[in-house]
Amino acid sequence: MESAVVSVLDSLIKSEEVKGVLIADEHGLCLGAKGIVNPNSAGFISAIATHAKSLHDDPNIQAPIIKIETEKLTILIQNNGNYTLAVFK
Amino acid sequence: MGEELQTYFNKLLTRIDGLKAVTVTDGDGVILIKSVSNDVSPRVLEPALSTTFSVVSDQASKLGLKKNKSIVSLFGLFQIVQFNHTPLITTLVADSGSNTGVLLDLGNELKEVTDIIASALSERQVIV
């Protein structure tokens, strides 16, 4: 079961410009992390996704993709219901 | 310093979503600092919480996985995240749906605070 998650993370980290990827579950616990991402940040990443999702109540609208830009990195976060994926570029 | 610590713990309750109570106790369960949200009964801080954790953490440390750092207990209404900040025990009580990852990460921040309390306690013991 875990190997499927690891293979997805591996394929993502090989993408161009991607420096790190992280998957968190609905409790904000880290399911997997590759690259420069700190696994301890899983809780905050999932909290950011949950808060962004609560900006609208319509369940028919797709969950928002959050883009955080810093001087060094761009972080993309999306939640699909149970899981949150973060890509650090 | 005591008031500053109390203010810090009170602020934690508003800073972390769903956090209802925080306590720092010694290994015997004696409460050194506590902060409880107004919307829950103070009874959520059952005195046996810390003493039970103390025993369980000691047993968990014998599993051959090095020293136990934290234990998360999920219940119907609440979740309890406890940290083994030897010689002290930090207990967080939060809504069952709140973000466990954020609570676990809070443990690293609280370690610095409990270290200050622990050193103050040991200095006091030397004087006594």
# chains A, B, ... in the order shown; residues from 1 in each chain; ligands from 1
$ interface_residues --of "chain A" --to "chain B" --cutoff "10 Å" --atoms "only C-alpha atoms" --output "PyMOL selection string"
chain A and resi 24-30+39-47+50
$ select_by_dssp --residues "range 9-61 of chain B" --states "alpha helix (DSSP H)" --output "ChimeraX atom specification"
/B:9-15,48-60
$ residues_around --residues "range 14-16 of chain A" --least-positions-apart "3" --cutoff "12 Å" --atoms "only C-alpha atoms" --output "list in words"
Ser7, Val8, Leu9, Asp10, Ser11, Lys19, Gly20, Val21, Lys34, Gly35, Val87, Phe88 and Lys89 of chain A
$ write_last_selection --atoms "C-alpha atoms" --output "compact mmCIF listing (two decimals), in the first residue's frame"
# COMPACT_ATOMS: atom_id res chain seq x y z
CA SER A 7 5.92 5.78 -6.42
CA VAL A 8 3.59 8.79 -6.89
CA LEU A 9 5.92 10.96 -4.81
CA ASP A 10 8.92 9.67 -6.79
CA SER A 11 7.30 10.50 -10.12
CA LYS A 19 12.11 20.46 -5.21
CA GLY A 20 9.80 18.69 -2.79
CA VAL A 21 6.43 16.96 -2.43
CA LYS A 34 10.29 13.72 -0.60
CA GLY A 35 12.87 16.40 -1.24
CA VAL A 87 4.35 20.59 -4.29
CA PHE A 88 7.37 22.79 -3.57
CA LYS A 89 8.87 24.33 -6.75
$ residues_around --residues "Ile33 in chain B" --least-positions-apart "6" --cutoff "9 Å" --atoms "only C-alpha atoms" --output "list in words"
Gly2, Leu5, Gln6, Phe9, Val22, Thr23, Val24 and Thr25 of chain B
$ residues_around --residues "Thr51 in chain B" --least-positions-apart "3" --cutoff "8 Å" --atoms "only C-alpha atoms" --output "number ranges by chain"
B: 27-29, 47-48, 54-55
$ closest_residue --among "A:Gly81, A:Leu31, A:Ala86, A:Glu17" --to "Pro59 in chain A" --atoms "only C-alpha atoms"
A:Gly81
$ residues_around --residues "Ala49 in chain A" --least-positions-apart "4" --cutoff "10 Å" --atoms "only C-alpha atoms" --output "count of residues only"
17
$ residues_around --residues "Phe75 in chain B" --least-positions-apart "2" --cutoff "10 Å" --atoms "only C-alpha atoms" --output "tab-separated table (two decimals) with all heavy atoms, in the first residue's frame"
chain	number	residue	atom	x	y	z
B	72	VAL	N	-0.87	10.00	20.88
B	72	VAL	CA	-2.12	10.63	20.45
B	72	VAL	C	-3.26	9.67	20.78
B	72	VAL	O	-3.20	8.49	20.42
B	72	VAL	CB	-2.12	10.90	18.93
B	72	VAL	CG1	-3.44	11.53	18.50
B	72	VAL	CG2	-0.95	11.80	18.54
B	73	SER	N	-4.28	10.14	21.48
B	73	SER	CA	-5.46	9.31	21.77
B	73	SER	C	-6.67	9.97	21.15
B	73	SER	O	-6.96	11.14	21.44
B	73	SER	CB	-5.67	9.18	23.28
B	73	SER	OG	-4.45	8.94	23.93
B	77	LEU	N	-15.40	12.67	21.14
B	77	LEU	CA	-15.55	14.12	21.18
B	77	LEU	C	-14.22	14.86	21.15
B	77	LEU	O	-14.11	15.94	20.61
B	77	LEU	CB	-16.30	14.53	22.46
B	77	LEU	CG	-17.81	14.30	22.49
B	77	LEU	CD1	-18.36	14.65	23.87
B	77	LEU	CD2	-18.50	15.15	21.44
B	78	PHE	N	-13.23	14.26	21.76
B	78	PHE	CA	-11.95	14.94	21.90
B	78	PHE	C	-10.78	14.08	21.43
B	78	PHE	O	-10.91	12.87	21.28
B	78	PHE	CB	-11.70	15.32	23.38
B	78	PHE	CG	-12.70	16.27	23.94
B	78	PHE	CD1	-13.68	15.85	24.82
B	78	PHE	CD2	-12.67	17.61	23.59
B	78	PHE	CE1	-14.62	16.72	25.34
B	78	PHE	CE2	-13.59	18.50	24.10
B	78	PHE	CZ	-14.57	18.06	24.97
B	79	GLN	N	-9.67	14.74	21.19
B	79	GLN	CA	-8.41	14.01	21.01
B	79	GLN	C	-7.41	14.57	22.02
B	79	GLN	O	-7.47	15.74	22.37
B	79	GLN	CB	-7.88	14.14	19.58
B	79	GLN	CG	-7.58	15.54	19.11
B	79	GLN	CD	-6.97	15.52	17.72
B	79	GLN	OE1	-5.95	14.92	17.49
B	79	GLN	NE2	-7.62	16.22	16.79
B	80	ILE	N	-6.56	13.68	22.49
B	80	ILE	CA	-5.57	14.09	23.48
B	80	ILE	C	-4.18	13.80	22.93
B	80	ILE	O	-3.90	12.68	22.51
B	80	ILE	CB	-5.80	13.34	24.82
B	80	ILE	CG1	-7.16	13.72	25.39
B	80	ILE	CG2	-4.70	13.67	25.82
B	80	ILE	CD1	-7.57	12.89	26.57
B	95	ASP	N	-10.59	19.29	20.00
B	95	ASP	CA	-11.74	18.65	19.34
B	95	ASP	C	-11.25	17.44	18.56
B	95	ASP	O	-10.14	17.46	18.01
B	95	ASP	CB	-12.37	19.62	18.34
B	95	ASP	CG	-13.23	20.65	19.02
B	95	ASP	OD1	-13.69	20.36	20.13
B	95	ASP	OD2	-13.43	21.73	18.44
B	96	SER	N	-12.11	16.41	18.45
B	96	SER	CA	-11.66	15.20	17.75
B	96	SER	C	-11.36	15.49	16.28
B	96	SER	O	-10.55	14.82	15.66
B	96	SER	CB	-12.69	14.10	17.88
B	96	SER	OG	-13.92	14.53	17.36
B	97	GLY	N	-12.02	16.51	15.72
B	97	GLY	CA	-11.81	16.80	14.30
B	97	GLY	C	-10.67	17.76	14.02
B	97	GLY	O	-10.37	18.05	12.86
$ select_by_dssp --residues "range 5-53 of chain A" --states "strand (DSSP E or B)" --output "VMD selection string"
chain A and resid 20 to 24 30 to 35
$ atom_distance --atom1 "CA of Lys67 in chain A" --atom2 "CA of Met1 in chain A"
29.3 Å
$ atom_distance --atom1 "CA of Leu22 in chain A" --atom2 "CA of Leu12 in chain B"
26.3 Å
$ atom_distance --atom1 "CA of Ala118 in chain B" --atom2 "CA of Pro87 in chain B"
7.0 Å
$ decode --residues "range 72-120 of chain B" --atoms "N, CA and C atoms" --output "tab-separated table (two decimals), in the first residue's frame"
chain	number	residue	atom	x	y	z
B	72	VAL	N	-0.87	10.00	20.88
B	72	VAL	CA	-2.12	10.63	20.45
B	72	VAL	C	-3.26	9.67	20.78
B	73	SER	N	-4.28	10.14	21.48
B	73	SER	CA	-5.46	9.31	21.77
B	73	SER	C	-6.67	9.97	21.15
B	74	LEU	N	-7.38	9.23	20.28
B	74	LEU	CA	-8.56	9.79	19.62
B	74	LEU	C	-9.82	9.23	20.27
B	75	PHE	N	-10.73	10.13	20.64
B	75	PHE	CA	-12.00	9.72	21.23
B	75	PHE	C	-13.14	10.31	20.40
B	76	GLY	N	-14.38	10.01	20.81
B	76	GLY	CA	-15.54	10.50	20.06
B	76	GLY	C	-15.61	12.01	20.00
B	77	LEU	N	-15.40	12.67	21.14
B	77	LEU	CA	-15.55	14.12	21.18
B	77	LEU	C	-14.22	14.86	21.15
B	78	PHE	N	-13.23	14.26	21.76
B	78	PHE	CA	-11.95	14.94	21.90
B	78	PHE	C	-10.78	14.08	21.43
B	79	GLN	N	-9.67	14.74	21.19
B	79	GLN	CA	-8.41	14.01	21.01
B	79	GLN	C	-7.41	14.57	22.02
B	80	ILE	N	-6.56	13.68	22.49
B	80	ILE	CA	-5.57	14.09	23.48
B	80	ILE	C	-4.18	13.80	22.93
B	81	VAL	N	-3.36	14.84	22.88
B	81	VAL	CA	-1.98	14.68	22.41
B	81	VAL	C	-1.08	14.98	23.60
B	82	GLN	N	-0.25	14.00	23.96
B	82	GLN	CA	0.60	14.17	25.15
B	82	GLN	C	2.07	14.02	24.77
B	83	PHE	N	2.90	14.84	25.38
B	83	PHE	CA	4.33	14.82	25.08
B	83	PHE	C	5.14	14.46	26.31
B	84	ASN	N	6.13	13.61	26.06
B	84	ASN	CA	7.04	13.23	27.13
B	84	ASN	C	8.20	14.23	27.16
B	85	HIS	N	7.99	15.35	27.85
B	85	HIS	CA	9.03	16.37	27.96
B	85	HIS	C	9.72	16.19	29.32
B	86	THR	N	10.39	15.04	29.47
B	86	THR	CA	10.98	14.66	30.75
B	86	THR	C	11.70	15.84	31.42
B	87	PRO	N	11.49	16.14	32.68
B	87	PRO	CA	10.68	15.42	33.67
B	87	PRO	C	9.20	15.83	33.67
B	88	LEU	N	8.80	16.64	32.69
B	88	LEU	CA	7.42	17.13	32.69
B	88	LEU	C	6.58	16.44	31.61
B	89	ILE	N	5.27	16.57	31.73
B	89	ILE	CA	4.35	16.00	30.74
B	89	ILE	C	3.44	17.12	30.26
B	90	THR	N	3.40	17.29	28.95
B	90	THR	CA	2.52	18.31	28.37
B	90	THR	C	1.31	17.61	27.76
B	91	THR	N	0.12	18.06	28.11
B	91	THR	CA	-1.12	17.45	27.60
B	91	THR	C	-1.93	18.49	26.84
B	92	LEU	N	-2.32	18.15	25.62
B	92	LEU	CA	-3.19	19.02	24.83
B	92	LEU	C	-4.51	18.29	24.62
B	93	VAL	N	-5.61	18.96	24.94
B	93	VAL	CA	-6.94	18.39	24.68
B	93	VAL	C	-7.59	19.24	23.59
B	94	ALA	N	-8.02	18.58	22.50
B	94	ALA	CA	-8.60	19.33	21.38
B	94	ALA	C	-9.83	18.61	20.86
B	95	ASP	N	-10.59	19.29	20.00
B	95	ASP	CA	-11.74	18.65	19.34
B	95	ASP	C	-11.25	17.44	18.56
B	96	SER	N	-12.11	16.41	18.45
B	96	SER	CA	-11.66	15.20	17.75
B	96	SER	C	-11.36	15.49	16.28
B	97	GLY	N	-12.02	16.51	15.72
B	97	GLY	CA	-11.81	16.80	14.30
B	97	GLY	C	-10.67	17.76	14.02
B	98	SER	N	-10.01	18.28	15.07
B	98	SER	CA	-8.98	19.28	14.81
B	98	SER	C	-7.69	18.62	14.29
B	99	ASN	N	-6.81	19.45	13.77
B	99	ASN	CA	-5.65	18.99	13.01
B	99	ASN	C	-4.57	18.39	13.92
B	100	THR	N	-4.44	17.07	13.90
B	100	THR	CA	-3.48	16.38	14.78
B	100	THR	C	-2.03	16.76	14.44
B	101	GLY	N	-1.77	16.96	13.16
B	101	GLY	CA	-0.41	17.32	12.73
B	101	GLY	C	0.06	18.63	13.33
B	102	VAL	N	-0.86	19.61	13.37
B	102	VAL	CA	-0.52	20.91	13.96
B	102	VAL	C	-0.25	20.75	15.46
B	103	LEU	N	-1.07	19.92	16.12
B	103	LEU	CA	-0.89	19.70	17.56
B	103	LEU	C	0.45	19.03	17.84
B	104	LEU	N	0.80	18.05	16.99
B	104	LEU	CA	2.07	17.35	17.19
B	104	LEU	C	3.25	18.29	16.98
B	105	ASP	N	3.12	19.18	15.99
B	105	ASP	CA	4.21	20.12	15.74
B	105	ASP	C	4.34	21.14	16.87
B	106	LEU	N	3.20	21.42	17.51
B	106	LEU	CA	3.21	22.35	18.65
B	106	LEU	C	4.10	21.81	19.77
B	107	GLY	N	4.25	20.48	19.82
B	107	GLY	CA	5.09	19.86	20.84
B	107	GLY	C	6.52	20.36	20.80
B	108	ASN	N	7.05	20.59	19.59
B	108	ASN	CA	8.43	21.08	19.45
B	108	ASN	C	8.56	22.48	20.06
B	109	GLU	N	7.52	23.29	19.82
B	109	GLU	CA	7.52	24.66	20.36
B	109	GLU	C	7.40	24.63	21.89
B	110	LEU	N	6.51	23.74	22.37
B	110	LEU	CA	6.27	23.68	23.82
B	110	LEU	C	7.47	23.11	24.58
B	111	LYS	N	8.30	22.33	23.87
B	111	LYS	CA	9.49	21.75	24.52
B	111	LYS	C	10.38	22.86	25.07
B	112	GLU	N	10.53	23.93	24.28
B	112	GLU	CA	11.37	25.06	24.72
B	112	GLU	C	10.80	25.68	26.00
B	113	VAL	N	9.46	25.75	26.07
B	113	VAL	CA	8.82	26.35	27.25
B	113	VAL	C	8.96	25.43	28.46
B	114	THR	N	8.72	24.12	28.24
B	114	THR	CA	8.80	23.20	29.38
B	114	THR	C	10.24	23.07	29.89
B	115	ASP	N	11.21	23.25	28.97
B	115	ASP	CA	12.61	23.24	29.41
B	115	ASP	C	12.88	24.36	30.41
B	116	ILE	N	12.28	25.54	30.15
B	116	ILE	CA	12.45	26.68	31.05
B	116	ILE	C	11.83	26.36	32.42
B	117	ILE	N	10.63	25.77	32.38
B	117	ILE	CA	9.94	25.43	33.64
B	117	ILE	C	10.75	24.37	34.40
B	118	ALA	N	11.24	23.37	33.65
B	118	ALA	CA	11.99	22.28	34.30
B	118	ALA	C	13.28	22.81	34.94
B	119	SER	N	13.96	23.74	34.25
B	119	SER	CA	15.21	24.25	34.83
B	119	SER	C	14.92	25.11	36.05
B	120	ALA	N	13.80	25.87	36.00
B	120	ALA	CA	13.40	26.69	37.17
B	120	ALA	C	13.09	25.78	38.35
